[in-house]
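Please read the structure below before turning to the comments.
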Amino acid sequence: MTRRRVDPRADRAARTVQVGNRPRILRTPAAEGAAGRRRDPRAERRAALVRSQPRPRFDWSRDPAAAGEMPAGGPAVAIREIPLTIVAAPAFLVLAVLDRPAGEISDHDRQVVAAARVLADTGGGGVVTVATGPGEALSDTGSDRHVALPDAWTDAYSPEARADAVAALMDGLKPRHVLFPETAEGGEVARRVAAATGERLFAGVQVLSRERAARQARGGSLEMSRAPTRLMTLAADAVPPLEGVRHEARPLELPAVGTTPRLSNARRLPVDPDALPLAEADFVLSAGNGVTDWAAFAELGEVLGATRAGTRVVCDAGHLPRNRQVGASGTVVTARCYLAFGIAGAPQHLQGITAVRRVIAVNTDLHAEMIKRADLAVVADAQQVMPALIRYIRERRNA
Ligand SMILES: Cc1cc2nc3c(=O)[nH]c(=O)nc-3n(C[C@H](O)[C@H](O)[C@H](O)COP(=O)(O)OP(=O)(O)OC[C@H]3O[C@@H](n4cnc5c(N)ncnc54)[C@H](O)[C@@H]3O)c2cc1C
């Protein structure tokens with residue numbers, strides 16, 4: 001939606017007519033023949049309506065005279081197309097090697113691409129993302145080129161193969177910088193690349209600009225800074241992800257990688273989700289005072305493979321141990337999914353889930369703060385939803 005800029009003086013002049021020896025200010029411009037016309041609030045409201053679904057939205061800066069131009073069935077909303085940025089012949093390249101856990105672009109991945117843009121943008125450089133999966137979805141992160149790693153590596157433990165692929169790309173593309181997220185996976189790949197190539201790694205960068213990379217050490221009592229090195233890992237939240245950008249993410253070929261696996265066996269082991277530290281859990285099933293069927297809650301946690309947690313109220317009542325409390329005086333969780341049953345959404349609780357990616361809330365109160373925070377809300381009784389969900393999952397698995 002583009003807003004008309006208002007020039008108050010010109011606007012006033014357009015609405016001023018001389019009646020006798022006194023100027024009169026009309027509500028609509030005199031030039032449009034509105035002199036003497038009565039105001040029609042309904043038409044003005046119709047004219048200002050820019051969206052009717054899911055809730056009406058009005059733009060009061062619109063010209064009421066445009067009411068007649070409104071198409072039947074509601075106004076067409078002008079969606080501004082984000083212009084495509086093409087870096088046709090980059091002066092140099094910056095590689096952003098992403099985790100893309102389970103095929104999803106994480107916030108940390110987006111930050112790594114944004115950091116690569118910081119280094120590439122002054123001097124006409126280009127950003128090459130390296131990750132499993134196609135590049136289209138990375139266009140809005142700021143990727144100019146994309147190298148797709150084999151799909152088989154998406155869920156597999158493959159740091160050796162990834163490191164070999166990055167080393168081969170460094171050989172072929174001669175990037176000025178190579179960035180990784182400082183995560184369990186990205187950190188391991190980066191260290192393997194450093195060992196294989198003999199390049200120095202600056203790990204856990206917290207502040208990044210074209211001239212300087214810095215990080216704290218010794219519990220925050222020491223700051224180390226230097227010119228950005230060729231290999232760097234980026235701490236979470238060091239650089240904000242980009243918004244409102246569209247880059248080409250043009251596919252590039254991955255060179256043939258002659259990986260000789262040195263690990264003889266690597267397989268994932270089953271873990272008890274409730275034994276995981278809450279701060280590290282990926283999927284959290286959380287209960288509040290609205291939960292009374294604790295057997296169903298435990299069973300649902302087991303069926304979903306989710307880590308159980310709760311509000312201070314349920315921990316105080318002894319339904320869950322204290323180390324399961326989420327919130328300001330409990331644990332701050334960073335899960336990808338937070339499934340909340342019967343939680344009101346007090347500020348102290350919401351403080352514990354600010355970093356959660358997706359929130360699903362089940363609550364009988366439509367106006368609960370937790371419902372407002374949720375990406376998906378179910379207004380229903382927790383005691384009915386929990387067994388229904390257990391049944392549904394079991395049926396789907398047996399089908
Ligand atoms: C200094 C301080 C620190 C605090 N720290 C924390 C903290 O770290 N973490 C924390 O969680 N709290 C904390 N609190 C407490 C916090 O203020 C709230 O009291 C608490 O989070 C509320 O818990 P609740 O949502 O489970 O309970 P309630 O406020 O009782 O809400 C229950 C919700 O369940 C819904 N409900 C009821 N029946 C059903 C049903 N059958 N099905 C579905 N929904 C239903 C209700 O509509 C309501 O929204 C702190 C408070 C203070 C003062």
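Chains: A, B, ... in order of the structure tokens. Residues: from 1 per chain. Ligands: from 1, in order shown.
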
Enumerate as a VMD selection string the residues within 8 Å of ligand 1, counting only C-alpha atoms and all ligand atoms. chain A and resid 287 to 292 310 to 314 325 to 331 341 to 352 362 to 366 368 to 370 379 to 383

Just C-alpha atoms for this one: save the residues we selected as a compact mmCIF listing (two decimals), in the first residue's frame.
```
# COMPACT_ATOMS: atom_id res chain seq x y z
CA ALA A 287 1.13 -27.54 30.81
CA GLY A 288 -0.55 -24.82 32.82
CA ASN A 289 -3.27 -24.62 35.42
CA GLY A 290 -5.87 -25.59 32.82
CA VAL A 291 -4.50 -29.16 32.73
CA THR A 292 -6.06 -31.62 35.15
CA GLY A 310 5.03 -26.25 32.60
CA THR A 311 4.22 -22.97 34.27
CA ARG A 312 5.27 -21.95 37.74
CA VAL A 313 1.77 -22.77 39.03
CA VAL A 314 1.98 -26.44 38.01
CA GLN A 325 9.48 -24.54 34.82
CA VAL A 326 9.49 -22.26 31.78
CA GLY A 327 9.73 -18.52 32.26
CA ALA A 328 11.51 -15.57 33.79
CA SER A 329 12.27 -17.41 37.02
CA GLY A 330 12.59 -20.78 35.26
CA THR A 331 14.20 -21.76 31.96
CA PHE A 341 -2.10 -26.63 27.11
CA GLY A 342 -4.12 -24.51 29.55
CA ILE A 343 -1.53 -21.74 29.95
CA ALA A 344 -2.76 -18.19 30.51
CA GLY A 345 0.38 -16.52 29.11
CA ALA A 346 1.47 -14.37 32.06
CA PRO A 347 4.36 -11.99 31.18
CA GLN A 348 6.74 -13.99 33.37
CA HIS A 349 5.87 -17.11 31.39
CA LEU A 350 6.00 -15.47 27.96
CA GLN A 351 9.50 -14.19 28.75
CA GLY A 352 10.62 -17.81 28.69
CA VAL A 362 -4.89 -24.82 23.56
CA ASN A 363 -7.05 -22.79 25.90
CA THR A 364 -10.75 -22.42 26.68
CA ASP A 365 -10.36 -18.63 26.84
CA LEU A 366 -10.20 -16.99 23.42
CA ALA A 368 -5.89 -15.53 26.85
CA GLU A 369 -2.50 -13.88 26.19
CA MET A 370 -1.13 -17.29 25.22
CA VAL A 379 -10.00 -22.76 21.71
CA ALA A 380 -11.05 -25.96 23.44
CA ASP A 381 -10.81 -27.96 26.64
CA ALA A 382 -7.29 -29.37 27.14
CA GLN A 383 -8.77 -32.54 28.67
```

Compile the contact shell of segment 227-243 of chain A as JSON, numbers by chain: residues with an atom at most 9 Å away, counting only C-alpha atoms, same-chain residues fewer than 3 positions apart removed. {"A": [107, 108, 109, 110, 111, 112, 113, 114, 115, 118, 119, 140, 141, 142, 175, 176, 177, 178, 179, 180, 181, 182, 183, 186, 187, 190, 193, 194, 199, 200, 201, 202, 203, 204, 205, 206, 207, 208, 209, 210, 211, 212, 213, 214, 215, 246]}

What is the atom CA of Ser143 of chain A to atom CA of Ile86 of chain A distance in Å?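 Going from atom CA of Ser143 of chain A over to atom CA of Ile86 of chain A, I get 9.9 Å.
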
Report, in Å to a single decimal, how far apart atom CA of Arg324 of chain A and atom CA of Val271 of chain A are. 17.2 Å

Nearest to Glu280 of chain A by atom-to-atom distance, counting only C-alpha atoms, from A:Arg373, A:Arg250, A:Arg336, A:Arg218: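 Of the candidates, the smallest distance to Glu280 of chain A is held by A:Arg336.
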
Residues of segment 283-337 of chain A in strand (DSSP E or B), written as a compact mmCIF listing (two decimals) with all heavy atoms, in the first residue's frame:
```txt
# COMPACT_ATOMS: atom_id res chain seq x y z
N PHE A 283 11.37 -29.64 20.91
CA PHE A 283 9.91 -29.72 20.89
C PHE A 283 9.44 -29.81 22.35
O PHE A 283 9.75 -30.78 23.04
CB PHE A 283 9.49 -30.96 20.08
CG PHE A 283 8.00 -31.14 19.90
CD1 PHE A 283 7.08 -30.16 20.25
CD2 PHE A 283 7.51 -32.32 19.33
CE1 PHE A 283 5.73 -30.34 20.07
CE2 PHE A 283 6.15 -32.51 19.13
CZ PHE A 283 5.26 -31.51 19.52
N VAL A 284 8.74 -28.80 22.81
CA VAL A 284 8.33 -28.75 24.22
C VAL A 284 6.81 -28.83 24.32
O VAL A 284 6.09 -28.10 23.64
CB VAL A 284 8.84 -27.45 24.89
CG1 VAL A 284 8.31 -27.33 26.31
CG2 VAL A 284 10.36 -27.41 24.90
N LEU A 285 6.35 -29.76 25.17
CA LEU A 285 4.94 -29.88 25.48
C LEU A 285 4.75 -29.29 26.87
O LEU A 285 5.35 -29.78 27.84
CB LEU A 285 4.53 -31.36 25.46
CG LEU A 285 3.13 -31.68 25.97
CD1 LEU A 285 2.07 -31.10 25.04
CD2 LEU A 285 2.94 -33.18 26.12
N SER A 286 3.97 -28.23 26.98
CA SER A 286 3.93 -27.50 28.24
C SER A 286 2.51 -27.43 28.81
O SER A 286 1.54 -27.30 28.07
CB SER A 286 4.47 -26.09 28.00
OG SER A 286 4.80 -25.48 29.21
N ALA A 287 2.43 -27.52 30.14
CA ALA A 287 1.13 -27.54 30.81
C ALA A 287 0.99 -26.37 31.76
O ALA A 287 1.95 -25.95 32.40
CB ALA A 287 0.95 -28.84 31.58
N THR A 307 9.56 -32.89 24.99
CA THR A 307 10.06 -32.68 26.35
C THR A 307 8.97 -31.96 27.14
O THR A 307 8.45 -30.93 26.69
CB THR A 307 11.34 -31.81 26.30
OG1 THR A 307 12.28 -32.48 25.45
CG2 THR A 307 11.93 -31.60 27.66
N ARG A 308 8.63 -32.51 28.32
CA ARG A 308 7.54 -31.91 29.10
C ARG A 308 8.02 -30.75 29.95
O ARG A 308 9.13 -30.77 30.49
CB ARG A 308 6.89 -32.97 29.99
CG ARG A 308 5.96 -33.88 29.23
CD ARG A 308 5.37 -34.94 30.11
NE ARG A 308 6.39 -35.84 30.62
CZ ARG A 308 6.20 -36.66 31.65
NH1 ARG A 308 5.05 -36.67 32.28
NH2 ARG A 308 7.16 -37.46 32.04
N ALA A 309 7.15 -29.75 30.05
CA ALA A 309 7.47 -28.57 30.84
C ALA A 309 6.17 -27.96 31.33
O ALA A 309 5.09 -28.48 31.05
CB ALA A 309 8.22 -27.56 29.98
N GLY A 310 6.26 -26.87 32.11
CA GLY A 310 5.03 -26.25 32.60
C GLY A 310 5.24 -24.88 33.17
O GLY A 310 6.36 -24.34 33.16
N GLN A 325 10.23 -25.81 34.89
CA GLN A 325 9.48 -24.54 34.82
C GLN A 325 10.02 -23.63 33.72
O GLN A 325 11.21 -23.33 33.66
CB GLN A 325 9.56 -23.80 36.16
CG GLN A 325 8.80 -22.49 36.15
CD GLN A 325 9.00 -21.69 37.42
OE1 GLN A 325 9.00 -22.25 38.51
NE2 GLN A 325 9.19 -20.39 37.29
N VAL A 326 9.12 -23.18 32.87
CA VAL A 326 9.49 -22.26 31.78
C VAL A 326 9.15 -20.84 32.22
O VAL A 326 8.10 -20.60 32.78
CB VAL A 326 8.69 -22.60 30.50
CG1 VAL A 326 8.91 -21.55 29.41
CG2 VAL A 326 9.06 -23.97 29.99
N THR A 331 13.28 -21.61 33.10
CA THR A 331 14.20 -21.76 31.96
C THR A 331 13.68 -21.01 30.75
O THR A 331 12.46 -21.00 30.50
CB THR A 331 14.36 -23.26 31.61
OG1 THR A 331 14.82 -23.94 32.78
CG2 THR A 331 15.34 -23.48 30.48
N CYS A 337 9.22 -25.83 18.42
CA CYS A 337 7.77 -25.88 18.61
C CYS A 337 7.43 -25.95 20.10
O CYS A 337 8.04 -26.72 20.85
CB CYS A 337 7.20 -27.10 17.87
SG CYS A 337 5.42 -27.22 18.05
```

If we count only C-alpha atoms, what is near Thr129 of chain A at a cut-off of 7 Å, once residues fewer than 5 positions away on the same chain are taken out, given as number ranges by chain? A: 95-97, 143, 145-147

Surrounding residues of Ala91 of chain A excluding itself and chain neighbours under 4 positions, 9 Å, only C-alpha atoms, as a list in words: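 Surrounding residues, per the criterion: Ala120, Gly123, Gly124, Gly125 and Gly126 of chain A.
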
Write out as a PDB file with C-alpha atoms, in the first residue's frame all residues of segment 130-365 of chain A that DSSP puts in helix (DSSP H, G or I) for this structure's backbone.
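Output contents, as saved in out-v9.pdb:
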```
ATOM      1  CA  GLU A 136      14.609 -20.561  -3.923  1.00  0.00           C
ATOM      2  CA  ALA A 137      13.669 -20.419  -0.261  1.00  0.00           C
ATOM      3  CA  LEU A 138      16.952 -18.625   0.441  1.00  0.00           C
ATOM      4  CA  SER A 139      16.217 -15.772  -1.931  1.00  0.00           C
ATOM      5  CA  ASP A 140      14.671 -13.651   0.846  1.00  0.00           C
ATOM      6  CA  THR A 141      17.637 -14.280   3.150  1.00  0.00           C
ATOM      7  CA  ASP A 151      19.580 -34.381  -0.002  1.00  0.00           C
ATOM      8  CA  ALA A 152      20.839 -37.527   1.727  1.00  0.00           C
ATOM      9  CA  TRP A 153      22.841 -35.274   4.068  1.00  0.00           C
ATOM     10  CA  PRO A 159      30.217 -33.164   9.045  1.00  0.00           C
ATOM     11  CA  GLU A 160      33.064 -34.977   7.266  1.00  0.00           C
ATOM     12  CA  ALA A 161      31.344 -34.889   3.886  1.00  0.00           C
ATOM     13  CA  ARG A 162      30.180 -31.285   4.411  1.00  0.00           C
ATOM     14  CA  ALA A 163      33.691 -30.200   5.328  1.00  0.00           C
ATOM     15  CA  ASP A 164      35.078 -31.886   2.205  1.00  0.00           C
ATOM     16  CA  ALA A 165      32.429 -30.135   0.073  1.00  0.00           C
ATOM     17  CA  VAL A 166      33.265 -26.731   1.600  1.00  0.00           C
ATOM     18  CA  ALA A 167      37.001 -27.321   1.090  1.00  0.00           C
ATOM     19  CA  ALA A 168      36.335 -28.207  -2.582  1.00  0.00           C
ATOM     20  CA  LEU A 169      34.233 -25.036  -2.993  1.00  0.00           C
ATOM     21  CA  MET A 170      36.983 -22.950  -1.394  1.00  0.00           C
ATOM     22  CA  ASP A 171      39.384 -24.431  -3.905  1.00  0.00           C
ATOM     23  CA  GLY A 172      37.132 -23.720  -6.878  1.00  0.00           C
ATOM     24  CA  LEU A 173      35.454 -20.417  -5.976  1.00  0.00           C
ATOM     25  CA  ALA A 184      26.952 -28.026  17.209  1.00  0.00           C
ATOM     26  CA  GLU A 185      26.832 -28.896  13.506  1.00  0.00           C
ATOM     27  CA  GLY A 186      28.126 -25.664  11.916  1.00  0.00           C
ATOM     28  CA  GLY A 187      30.867 -25.393  14.527  1.00  0.00           C
ATOM     29  CA  GLU A 188      32.090 -28.916  13.853  1.00  0.00           C
ATOM     30  CA  VAL A 189      32.126 -28.442  10.067  1.00  0.00           C
ATOM     31  CA  ALA A 190      34.020 -25.145  10.468  1.00  0.00           C
ATOM     32  CA  ARG A 191      36.697 -26.717  12.660  1.00  0.00           C
ATOM     33  CA  ARG A 192      37.110 -29.615  10.241  1.00  0.00           C
ATOM     34  CA  VAL A 193      37.478 -27.160   7.328  1.00  0.00           C
ATOM     35  CA  ALA A 194      40.059 -25.184   9.319  1.00  0.00           C
ATOM     36  CA  ALA A 195      42.043 -28.348  10.035  1.00  0.00           C
ATOM     37  CA  ALA A 196      41.837 -29.552   6.412  1.00  0.00           C
ATOM     38  CA  THR A 197      42.760 -26.230   4.784  1.00  0.00           C
ATOM     39  CA  ARG A 218      36.870 -15.191  29.694  1.00  0.00           C
ATOM     40  CA  GLY A 219      33.306 -14.789  30.852  1.00  0.00           C
ATOM     41  CA  GLY A 220      32.930 -11.387  29.208  1.00  0.00           C
ATOM     42  CA  PRO A 273      13.162 -36.243  25.682  1.00  0.00           C
ATOM     43  CA  ASP A 274      12.492 -35.668  29.373  1.00  0.00           C
ATOM     44  CA  ALA A 275      16.179 -36.232  30.140  1.00  0.00           C
ATOM     45  CA  LEU A 278      14.866 -27.865  28.826  1.00  0.00           C
ATOM     46  CA  ALA A 279      16.926 -25.095  27.234  1.00  0.00           C
ATOM     47  CA  GLU A 280      18.124 -27.526  24.530  1.00  0.00           C
ATOM     48  CA  TRP A 294      -1.886 -35.516  34.076  1.00  0.00           C
ATOM     49  CA  ALA A 295      -1.917 -39.110  32.811  1.00  0.00           C
ATOM     50  CA  ALA A 296      -3.027 -37.889  29.360  1.00  0.00           C
ATOM     51  CA  PHE A 297      -0.384 -35.132  29.464  1.00  0.00           C
ATOM     52  CA  ALA A 298       2.388 -37.684  30.196  1.00  0.00           C
ATOM     53  CA  GLU A 299       1.094 -40.036  27.497  1.00  0.00           C
ATOM     54  CA  LEU A 300       0.926 -37.225  24.938  1.00  0.00           C
ATOM     55  CA  GLY A 301       4.548 -36.271  25.723  1.00  0.00           C
ATOM     56  CA  GLU A 302       5.582 -39.865  25.095  1.00  0.00           C
ATOM     57  CA  VAL A 303       3.595 -40.212  21.859  1.00  0.00           C
ATOM     58  CA  LEU A 304       4.937 -36.914  20.481  1.00  0.00           C
ATOM     59  CA  ARG A 312       5.268 -21.953  37.735  1.00  0.00           C
ATOM     60  CA  VAL A 313       1.775 -22.770  39.026  1.00  0.00           C
ATOM     61  CA  VAL A 314       1.984 -26.436  38.008  1.00  0.00           C
ATOM     62  CA  CYS A 315       5.564 -26.755  39.317  1.00  0.00           C
ATOM     63  CA  ASP A 316       4.523 -25.151  42.610  1.00  0.00           C
ATOM     64  CA  ARG A 322      11.061 -27.359  39.405  1.00  0.00           C
ATOM     65  CA  ASN A 323      13.666 -27.757  36.618  1.00  0.00           C
ATOM     66  CA  ARG A 324      10.747 -28.060  34.153  1.00  0.00           C
ATOM     67  CA  PRO A 347       4.356 -11.990  31.175  1.00  0.00           C
ATOM     68  CA  GLN A 348       6.745 -13.995  33.367  1.00  0.00           C
ATOM     69  CA  HIS A 349       5.869 -17.114  31.386  1.00  0.00           C
ATOM     70  CA  LEU A 350       6.002 -15.466  27.958  1.00  0.00           C
ATOM     71  CA  GLN A 351       9.502 -14.186  28.748  1.00  0.00           C
ATOM     72  CA  GLY A 352      10.616 -17.813  28.694  1.00  0.00           C
ATOM     73  CA  ILE A 353       9.391 -18.461  25.144  1.00  0.00           C
TER      74      ILE A 353
END
```
